[in-house]
Each structure stands twice: as structure tokens, then as C-alpha cells.
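Take a look at the structure set out below.
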Amino acid sequence: MLDLEQRWELIDKIAKRTIKFGKYRHTLKDAIAEITVKPLTGIPIAIAVLYGFWAFFVAFAGFFTDGFLVKLFDMHWLPWLQEVFPAGKESWLYYIFVGDPLADNCFEAFGMLTSGLFVVIGVVLPAIVAFYLVLIVLEDSGYLPRLAVLIDTVLHKIGLHGYAIVPSILSLGCNVPACTACRILETKKQRFIMRTILAIFIPCGAQLGIMLKVIPETVGWVILYLLAGYFILGFILSRIVPGESPELLLDIPSYQRPTFSNVGRKLWVRTSSFFTTAIPFVLLGVIIINVLHLTGVIDWLATGLGPLLSGWFGVPKETVGALIVAFLRKDLAVAQLSAIEMTKYQMVTSVVLVSIYFPCIATFVMLLKEGGVKGFLGSLAALVATVFLYGGLLHLIWILLGVA
Amino acid sequence: MRILLMGHPNVGKSAVFNRLTGARVTESNYPGTTVDYTKGRVRIEGDSFEIIDVPGAFSLEPKDKAEEVAVKMLEENKEAVAICVIDASKMERGLYLALQVIEKGYPVVIALNMWDVAQDKNIEIDVEELEDILTVPVVPVTAISGEGIRELALRIKEASLVKIEKIIEKAGN
């Protein structure tokens, strides 16, 4: 075997005989490459890009959900189903599949065929498509590594480096592939911190979509509070977890025009995997929760956990149902919250709780798979502490503001 | 016979894989898109081979979890043929890993990917000379559009073991 120096010497010889560098023309591509990575121009551009991302997401999802799908589900699907469903309105079958016979919208009915389908197809599907469309363009253009360079300094404060932006942004689509993407980080410490804070604090695309619909006025605050938590927990973990946090060494690719075929292919693969993984879970979630309602388990749990929920977190005890569902699907959990009577502030707390309390089951499995038993238990400990302290803190803030 | 796709991160291994197999592995323009391996099958002149899309690695001394997977794949498949995918616009860097793989005793085919980018940058590569020195097949490829993929597939069977001393000797004069 050659050593490093001998190998490079050989490569040098080969290169001299085989490569000729012609005159290099500075192109528009190079100019764009430069201004997007220099802090002075790059940071405003990054803010514009991310804002554009969000604006497109909101506009696209809103256009399809509010413009078409809400009307379709509330004015046609729900009344039709309420009329033709073969079982009587008092029967448990009706309760599980159609839900509340008096409901006039698909959010409140909470049957499997009403709310279940509405949440997945009416609300989450447009959001997911919109999100992935922009994300894929970002992935394929070569912008993500540049974002990594710009945000490097900030992420060093939490024991990571700029490239952690990649799993973080992927996580906004779905936490599951994001957990795997943590492998691009060099040390065990970095991977542990990253997995833990993204599983706890980063809402997935499905959850973002439903939040937009359920709490349009306060969704910004919820995201801000989660983002703050991401940094606070990251900061704490980077101080107490042993191990190294190396510097960012990154190869920045040239920009590329995303091709239609690749964007289309990836969008199709991701959307169809949403169909096969999300839909069964949401529908199953509705059935489980309705059965738990019918059998009185929810009431029993609500009474048991009521003092904790209302005393420590300041949310109504009825949220216990949503917290159970959150283990299966976060989007469904947020949808369920919308049917519970509470103040705007309690709503914010509940949505935050649903987000930070236990990742969905799929992410849970990934934490175990990627982190091993030890890493998994570590994440779990961080999670439990976060739910009580950070969730409780929000209640304290409302008390101090006099709105609790 | 097994075929491994080896190369630096973000040189287009997944794009080559998808073109060869018709699979739908995620292709993106950032290093570290592939962090785990994917197996697929490719048919070449009636024969079917197993081909593995390996995560990118800069060298055979792993730095992160994805590179560990790459090195493990190589070690677990002693009998495999390696397609070393190299970014043609940064050829020297890519040769480093390719030479390491050759030294480890794997038959190698070199795919000079992003050939179109190299041409845009006015980089001229003498492919015949390179083949002559390395004594392994070298095929210019633009995987994103599929150019050169057929030739690459057809020349996999030409891959043979090379002694590094022979390459040093050929490069020397």
C-alpha cells in the first residue's frame, strides 16, 4: 500500500499527463454562487429564501385546502355520509366511522371516514406536496450546503455545526428520514444532540399543515417557541454530553438547475410513501381514540391525569385524548385539539405539548435504531425533562402575563 | 458478481445507480444524500448483476457514520467489482479513492461523471491516456441525462485487477 504522500505524488503525475485546464470563464452561476455564501449578501438572501419557502407553503396549502377541499368535505362528503351511512346514528359503528351526527364540519365530527379522511387528504396532503416541492428544489439546486456555511457559527453554540441544517430542514418534512440523515455528522455526540432536538422540537410537514389550518393566528408563536426550545436544549446537551464537536469541513457543490424528471420522481416517491404510511395510521388513530371514548378509557384517564394537565400545564383535561393520538400521528392530534373548548393560550400550550411530548411512533423507532439503547434512553430522558419543564414554562408565562 | 458504486460524496453515485437499475433512489445536490446502502439489479447483455449504491466516502479511513457504512460494504464484498464514480471536474481528488480501492485489490471501472460540467469549465481530459496509465476502463458519463451509461454498463466486464506498481511505472515515463 502507498502512503498518503506517495499516492498524491502518483495522482499528480497522472493528472499532468491527462488533464488540460482551458481558460475559465466567470459565469453568472459563479456570481450567484458567490453572493449566496458571503455573509453580507448571503444572510439576507437566506432569509428571503426561507421566507419564500414558508410563503409558498402557506399559499399553496391554503389554496387547495380552503379553496376546494374544505368545501368538498364539509358541504358534500359529510352530509352525504351522515345520510347514507347504513348503521343508526346511535350505534357505535356510526360513532366510530362518521362520528358526531350533529357535526356540520369534518373537524368536529371525528369519525374515521369524516375527520380521518379530511385530515389526511383535505389538509395534510396539500401541505406535504407543497413542502416537498420546495424542499426538493432546494435539495437539487445545491443551496442547502450554502445555508450550512451561513448558519455554521450559530449551530456551533449548540455543539453542532452548519451541516446540521440538513437534517433539521429534512425534519420539517418528516422526522423519520431526518434521523437517518444525522449520520452525516461526525461524532456520536453530535448525532445524539441532533436526533434528540429534532425529534422533540421540529414539527413535521403534516403537523405544520394542520397547525396552519387549526391555529392560523398563533402558529408563528408556536413555531418560535419550538425553535427557541431547539436551541436551549441543544445548548444544554452540548454542555453535558461528553464527546467532541468538530469543525465544519464541507464541500460546496456547484449550483445545478433541478430537472423536471428528478423533482417529479422524488415528489412522487415521497407523496406515495406518505399515502402508504400516514393514511393507515391516521385512520387507525381515529378508530382507537373512538373506541377508547366508547369504552370510557379516555374519561378515566382524563380524570386521573386531569390535575396534572390543568395544574401543571394549564390545559383542559380533555386534551388527554389528543396526547394519546399524538403517539401515532401528530397531525391527527392537533386536529383533535381543535374540537376541544379552550382559550387561545391554552390552545397554544396544547399544541406545543403535542409537539414536544413523545415523537410519533415511527420517529420513536428511528431513535432506537439509530441511537442504540443507550442513545435512545438518553433522548427519552431529555424528552421527559423537556415536556415537564418547557411545557410547564409556557403555563408560567401565561400566568405572568395574566392570561392563564 | 456484485458491483459496488464507490466515490466521494455528491459525485452522482445515486444518479448512476438509478440510470443503471431504473430504481428510484433519492438523488440530490448535496453531499450526504445517501447514508445507507441500497441494492438493485442491473441487466447487462442478458446477465443480471447485483449492484449496490454505497454512501459517499472521501477515503477508506471513515470519518462519519455514512463513511463507515461505505468501508464496511467494501470489506464485506471482497469479490465485488467497484465502479469508482469520479467528478470529472475535480478528477485528482476522485482518483485518490479510486487508487485506494485498486490497491485493496478490487477490479475497478472508472466513471468520469459530470462530464458535461467539466466541458463547460473547459477542462480537457485525455481519456485514452488515462485508461492506458491506469489499465482499467475509464468511461465519461453524464448520469443526470444518462449519457455514457450504456458504455459504462458494457465495460464493467473489462474490469480486472491491477498492481499499483504497474500504474506507478506507467505514470512515470
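We label chains A, B, ... in the order they appear in the C-alpha cells, count residues from 1 in each chain, and number ligands from 1 in the order shown.
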Select, as a PyMOL selection string, those residues of chain B with any atom no more than 9 Å from chain A (distances computed using only C-alpha atoms).
chain B and resi 9-10+24-36+63-67+91-93+95-96+99-100+103-104+120-130+133-134+144+164+167-168+171-172
Using only C-alpha atoms, which protein or nucleic acid residues come within 10 Å of Leu249 in chain A? Drop anything in the same chain fewer than 4 positions from it, and give the result as a PyMOL selection string.
chain A and resi 149+161-163
Write the residues of the preceding selection, restricted to N, CA and C atoms, as a PDB file, in the first residue's frame.
ATOM      1  N   VAL A 149     -23.154  26.752   5.527  1.00  0.00           N
ATOM      2  CA  VAL A 149     -21.994  27.603   5.788  1.00  0.00           C
ATOM      3  C   VAL A 149     -22.427  28.865   6.536  1.00  0.00           C
ATOM      4  N   HIS A 161     -22.536  21.704  13.971  1.00  0.00           N
ATOM      5  CA  HIS A 161     -22.000  22.681  13.043  1.00  0.00           C
ATOM      6  C   HIS A 161     -22.980  22.866  11.908  1.00  0.00           C
ATOM      7  N   GLY A 162     -22.611  23.768  10.976  1.00  0.00           N
ATOM      8  CA  GLY A 162     -23.552  24.180   9.945  1.00  0.00           C
ATOM      9  C   GLY A 162     -24.301  23.071   9.237  1.00  0.00           C
ATOM     10  N   TYR A 163     -23.622  21.937   9.047  1.00  0.00           N
ATOM     11  CA  TYR A 163     -24.271  20.904   8.257  1.00  0.00           C
ATOM     12  C   TYR A 163     -25.480  20.288   8.956  1.00  0.00           C
TER      13      TYR A 163
END
Which neighbours of Arg329 in chain A fall inside 8 Å, counting only C-alpha atoms, when residues of the same chain fewer than 5 positions from it are skipped, and could you give them as a CSV table (one decimal) with C-alpha atoms, in the first residue's frame?
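around-v7.csv was written with the following content:
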chain,number,residue,atom,x,y,z
A,278,ALA,CA,-49.7,8.1,7.0
A,281,PHE,CA,-52.0,5.4,10.9
A,282,VAL,CA,-54.5,8.3,10.9
A,285,GLY,CA,-55.8,6.5,15.2
A,360,CYS,CA,-44.7,9.8,16.7
A,361,ILE,CA,-44.2,6.1,16.9
Quick one: of B:Pro140, B:Arg150, B:Val69, B:Val109, who's nearest to Glu45 in chain B, counting only C-alpha atoms?
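Between B:Pro140, B:Arg150, B:Val69, B:Val109, the residue approaching Glu45 in chain B most closely is B:Arg150.
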Could you check the closest approach to Gly111 in chain A for each of A:Ile298, A:Ile287, A:Ile169, A:Ile32 and tell me which residue wins, using only C-alpha atoms?
A:Ile287
Extract the full set of strand (DSSP E or B) residues from chain B according to DSSP on the backbone, and format it as a ChimeraX atom specification.
/B:2-7,38-44,47-53,81-87,108-113,123-125,138-140,142,147
Produce a file of the selected residues containing N, CA and C atoms, as a CSV table (one decimal), in the first residue's frame.
chain,number,residue,atom,x,y,z
B,2,ARG,N,-21.0,-9.1,-7.9
B,2,ARG,CA,-21.6,-7.9,-7.2
B,2,ARG,C,-20.8,-6.7,-7.7
B,3,ILE,N,-21.6,-5.6,-7.9
B,3,ILE,CA,-20.9,-4.3,-8.3
B,3,ILE,C,-21.2,-3.3,-7.2
B,4,LEU,N,-20.1,-2.6,-6.8
B,4,LEU,CA,-20.2,-1.6,-5.8
B,4,LEU,C,-20.0,-0.2,-6.4
B,5,LEU,N,-20.9,0.8,-6.1
B,5,LEU,CA,-20.6,2.1,-6.6
B,5,LEU,C,-19.9,2.9,-5.5
B,6,MET,N,-18.6,3.2,-5.8
B,6,MET,CA,-17.9,3.9,-4.7
B,6,MET,C,-17.5,5.3,-5.2
B,7,GLY,N,-17.3,6.2,-4.3
B,7,GLY,CA,-16.9,7.6,-4.7
B,7,GLY,C,-17.1,8.6,-3.7
B,38,THR,N,-28.1,0.9,-0.8
B,38,THR,CA,-29.3,0.3,-1.5
B,38,THR,C,-28.9,-0.7,-2.5
B,39,LYS,N,-29.6,-1.8,-2.5
B,39,LYS,CA,-29.2,-2.8,-3.5
B,39,LYS,C,-30.2,-2.8,-4.7
B,40,GLY,N,-29.7,-3.1,-5.9
B,40,GLY,CA,-30.5,-3.1,-7.0
B,40,GLY,C,-30.0,-4.1,-8.0
B,41,ARG,N,-30.7,-4.3,-9.1
B,41,ARG,CA,-30.2,-5.3,-10.1
B,41,ARG,C,-30.0,-4.6,-11.4
B,42,VAL,N,-29.0,-5.0,-12.2
B,42,VAL,CA,-28.8,-4.4,-13.5
B,42,VAL,C,-28.6,-5.6,-14.5
B,43,ARG,N,-29.2,-5.4,-15.6
B,43,ARG,CA,-29.0,-6.5,-16.7
B,43,ARG,C,-28.1,-6.0,-17.7
B,44,ILE,N,-27.0,-6.7,-17.9
B,44,ILE,CA,-26.1,-6.3,-19.0
B,44,ILE,C,-25.9,-7.5,-19.9
B,47,ASP,N,-27.2,-10.9,-18.8
B,47,ASP,CA,-26.8,-11.3,-17.4
B,47,ASP,C,-27.3,-10.3,-16.4
B,48,SER,N,-27.7,-10.9,-15.3
B,48,SER,CA,-28.2,-10.0,-14.2
B,48,SER,C,-27.2,-9.9,-13.1
B,49,PHE,N,-26.8,-8.7,-12.7
B,49,PHE,CA,-25.9,-8.5,-11.6
B,49,PHE,C,-26.5,-7.7,-10.5
B,50,GLU,N,-26.0,-8.0,-9.2
B,50,GLU,CA,-26.4,-7.1,-8.1
B,50,GLU,C,-25.5,-5.9,-8.0
B,51,ILE,N,-26.1,-4.8,-7.8
B,51,ILE,CA,-25.3,-3.5,-7.7
B,51,ILE,C,-25.7,-2.8,-6.5
B,52,ILE,N,-24.7,-2.2,-5.8
B,52,ILE,CA,-25.0,-1.6,-4.5
B,52,ILE,C,-24.6,-0.1,-4.6
B,53,ASP,N,-25.6,0.8,-4.2
B,53,ASP,CA,-25.3,2.2,-4.1
B,53,ASP,C,-24.8,2.4,-2.7
B,81,VAL,N,-16.8,-6.1,-7.9
B,81,VAL,CA,-16.2,-5.2,-8.8
B,81,VAL,C,-16.6,-3.8,-8.4
B,82,ALA,N,-15.7,-2.8,-8.4
B,82,ALA,CA,-16.1,-1.5,-8.0
B,82,ALA,C,-16.2,-0.5,-9.2
B,83,ILE,N,-17.3,0.2,-9.3
B,83,ILE,CA,-17.4,1.3,-10.2
B,83,ILE,C,-17.0,2.5,-9.4
B,84,CYS,N,-15.8,3.1,-9.7
B,84,CYS,CA,-15.5,4.3,-8.9
B,84,CYS,C,-16.0,5.5,-9.7
B,85,VAL,N,-16.9,6.2,-9.1
B,85,VAL,CA,-17.5,7.4,-9.7
B,85,VAL,C,-16.7,8.6,-9.3
B,86,ILE,N,-16.3,9.3,-10.3
B,86,ILE,CA,-15.4,10.5,-10.1
B,86,ILE,C,-16.1,11.7,-10.7
B,87,ASP,N,-16.0,12.8,-10.0
B,87,ASP,CA,-16.5,14.1,-10.6
B,87,ASP,C,-15.4,14.6,-11.5
B,108,VAL,N,-11.6,-2.6,-11.0
B,108,VAL,CA,-12.2,-1.3,-11.0
B,108,VAL,C,-12.6,-0.8,-12.4
B,109,VAL,N,-13.7,-0.1,-12.5
B,109,VAL,CA,-14.1,0.6,-13.7
B,109,VAL,C,-14.3,2.1,-13.2
B,110,ILE,N,-13.7,3.0,-14.0
B,110,ILE,CA,-13.9,4.4,-13.6
B,110,ILE,C,-15.0,5.1,-14.4
B,111,ALA,N,-15.9,5.7,-13.7
B,111,ALA,CA,-16.9,6.5,-14.4
B,111,ALA,C,-16.6,8.0,-14.1
B,112,LEU,N,-16.2,8.7,-15.2
B,112,LEU,CA,-16.0,10.1,-15.1
B,112,LEU,C,-17.3,10.9,-15.2
B,113,ASN,N,-17.9,11.0,-14.1
B,113,ASN,CA,-19.3,11.6,-14.1
B,113,ASN,C,-19.2,13.2,-14.2
B,123,ILE,N,-12.4,22.0,-19.1
B,123,ILE,CA,-11.4,21.0,-18.6
B,123,ILE,C,-11.3,19.9,-19.6
B,124,GLU,N,-10.1,19.6,-20.2
B,124,GLU,CA,-10.0,18.6,-21.1
B,124,GLU,C,-9.3,17.4,-20.5
B,125,ILE,N,-10.0,16.2,-20.6
B,125,ILE,CA,-9.3,15.0,-20.0
B,125,ILE,C,-9.0,14.0,-21.1
B,138,VAL,N,-12.1,3.5,-18.4
B,138,VAL,CA,-12.5,4.8,-18.0
B,138,VAL,C,-13.6,5.3,-18.9
B,139,VAL,N,-14.7,5.6,-18.4
B,139,VAL,CA,-15.9,6.0,-19.2
B,139,VAL,C,-16.4,7.3,-18.8
B,140,PRO,N,-16.4,8.3,-19.8
B,140,PRO,CA,-17.1,9.6,-19.5
B,140,PRO,C,-18.6,9.4,-19.4
B,142,THR,N,-22.5,11.3,-18.2
B,142,THR,CA,-23.3,12.4,-17.6
B,142,THR,C,-24.6,11.7,-17.1
B,147,GLU,N,-26.2,10.0,-20.4
B,147,GLU,CA,-25.2,9.8,-21.5
B,147,GLU,C,-24.0,9.0,-21.0
Among the residues A:Leu308, A:Ala46, A:Leu367, A:Val124, the one that comes closest to Leu212 in chain A [using only C-alpha atoms]:
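Closest to Leu212 in chain A, using only C-alpha atoms: A:Val124.
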Computed interatomic separation between CA of Ile200 in chain A and CA of Val373 in chain A (Å):
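Value for the CA of Ile200 in chain A-CA of Val373 in chain A distance: 17.6 Å.
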Atomic separation - CA of Asp100 in chain A relative to CA of His76 in chain A, Å
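Separating CA of His76 in chain A from CA of Asp100 in chain A is a distance of 16.2 Å.
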Can you work out the spacing between CA of Ile324 in chain A and CA of Trp77 in chain A in Å, to one decimal?
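Distance between the two atoms: 27.3 Å.
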Identify all residues of range 8-184 of chain A in alpha helix (DSSP H) (DSSP on the backbone) and supply them as a ChimeraX atom specification.
/A:8-18,28-35,39-64,70-71,78-84,92-97,106-109,117,125-141,144-156,165-173,175-181
Looking at only C-alpha atoms, which of A:Gly116, A:Gly306, A:Pro126, A:Gly234 is the one that sits closest to Ile279 in chain A?
A:Gly116
At a cut-off of 7 Å, using only C-alpha atoms, what residues contact Thr65 in chain A? Leave out same-chain residues fewer than 5 positions from it and give the result as a count of residues only.
4
Counting only C-alpha atoms, which of B:Gly146, B:Pro137, B:Gly46, B:Gly94 gets nearest to Phe58 in chain B?
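Comparing B:Gly146, B:Pro137, B:Gly46, B:Gly94 against Phe58 in chain B, the winner is B:Gly94.
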Find the spatial neighbours of Cys174 in chain A, counting only C-alpha atoms, within a cut-off of 8 Å - ignore same-chain residues fewer than 3 positions away - and output them as a list in words.
Leu170, Ser171, Pro177, Ala178, Cys204, Gly205 and Ala206 of chain A
Writer output for current selection, C-alpha atoms, as a PDB file, in the first residue's frame:
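What ended up in again_35.pdb:
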ATOM      1  CA  LEU A 170     -35.369  17.436   6.218  1.00  0.00           C
ATOM      2  CA  SER A 171     -37.051  17.029   9.578  1.00  0.00           C
ATOM      3  CA  PRO A 177     -35.565  10.283   7.263  1.00  0.00           C
ATOM      4  CA  ALA A 178     -34.067  13.164   9.250  1.00  0.00           C
ATOM      5  CA  CYS A 204     -43.123  17.630  10.637  1.00  0.00           C
ATOM      6  CA  GLY A 205     -44.794  18.760   7.437  1.00  0.00           C
ATOM      7  CA  ALA A 206     -48.052  17.037   8.291  1.00  0.00           C
TER       8      ALA A 206
END
Excluding Thr271 in chain A and residues on its chain fewer than 4 positions from it, collect all residues at most 9 Å away from it, counting only C-alpha atoms, and give them as a PyMOL selection string.
chain A and resi 125+128-129+132+266-267+275-276
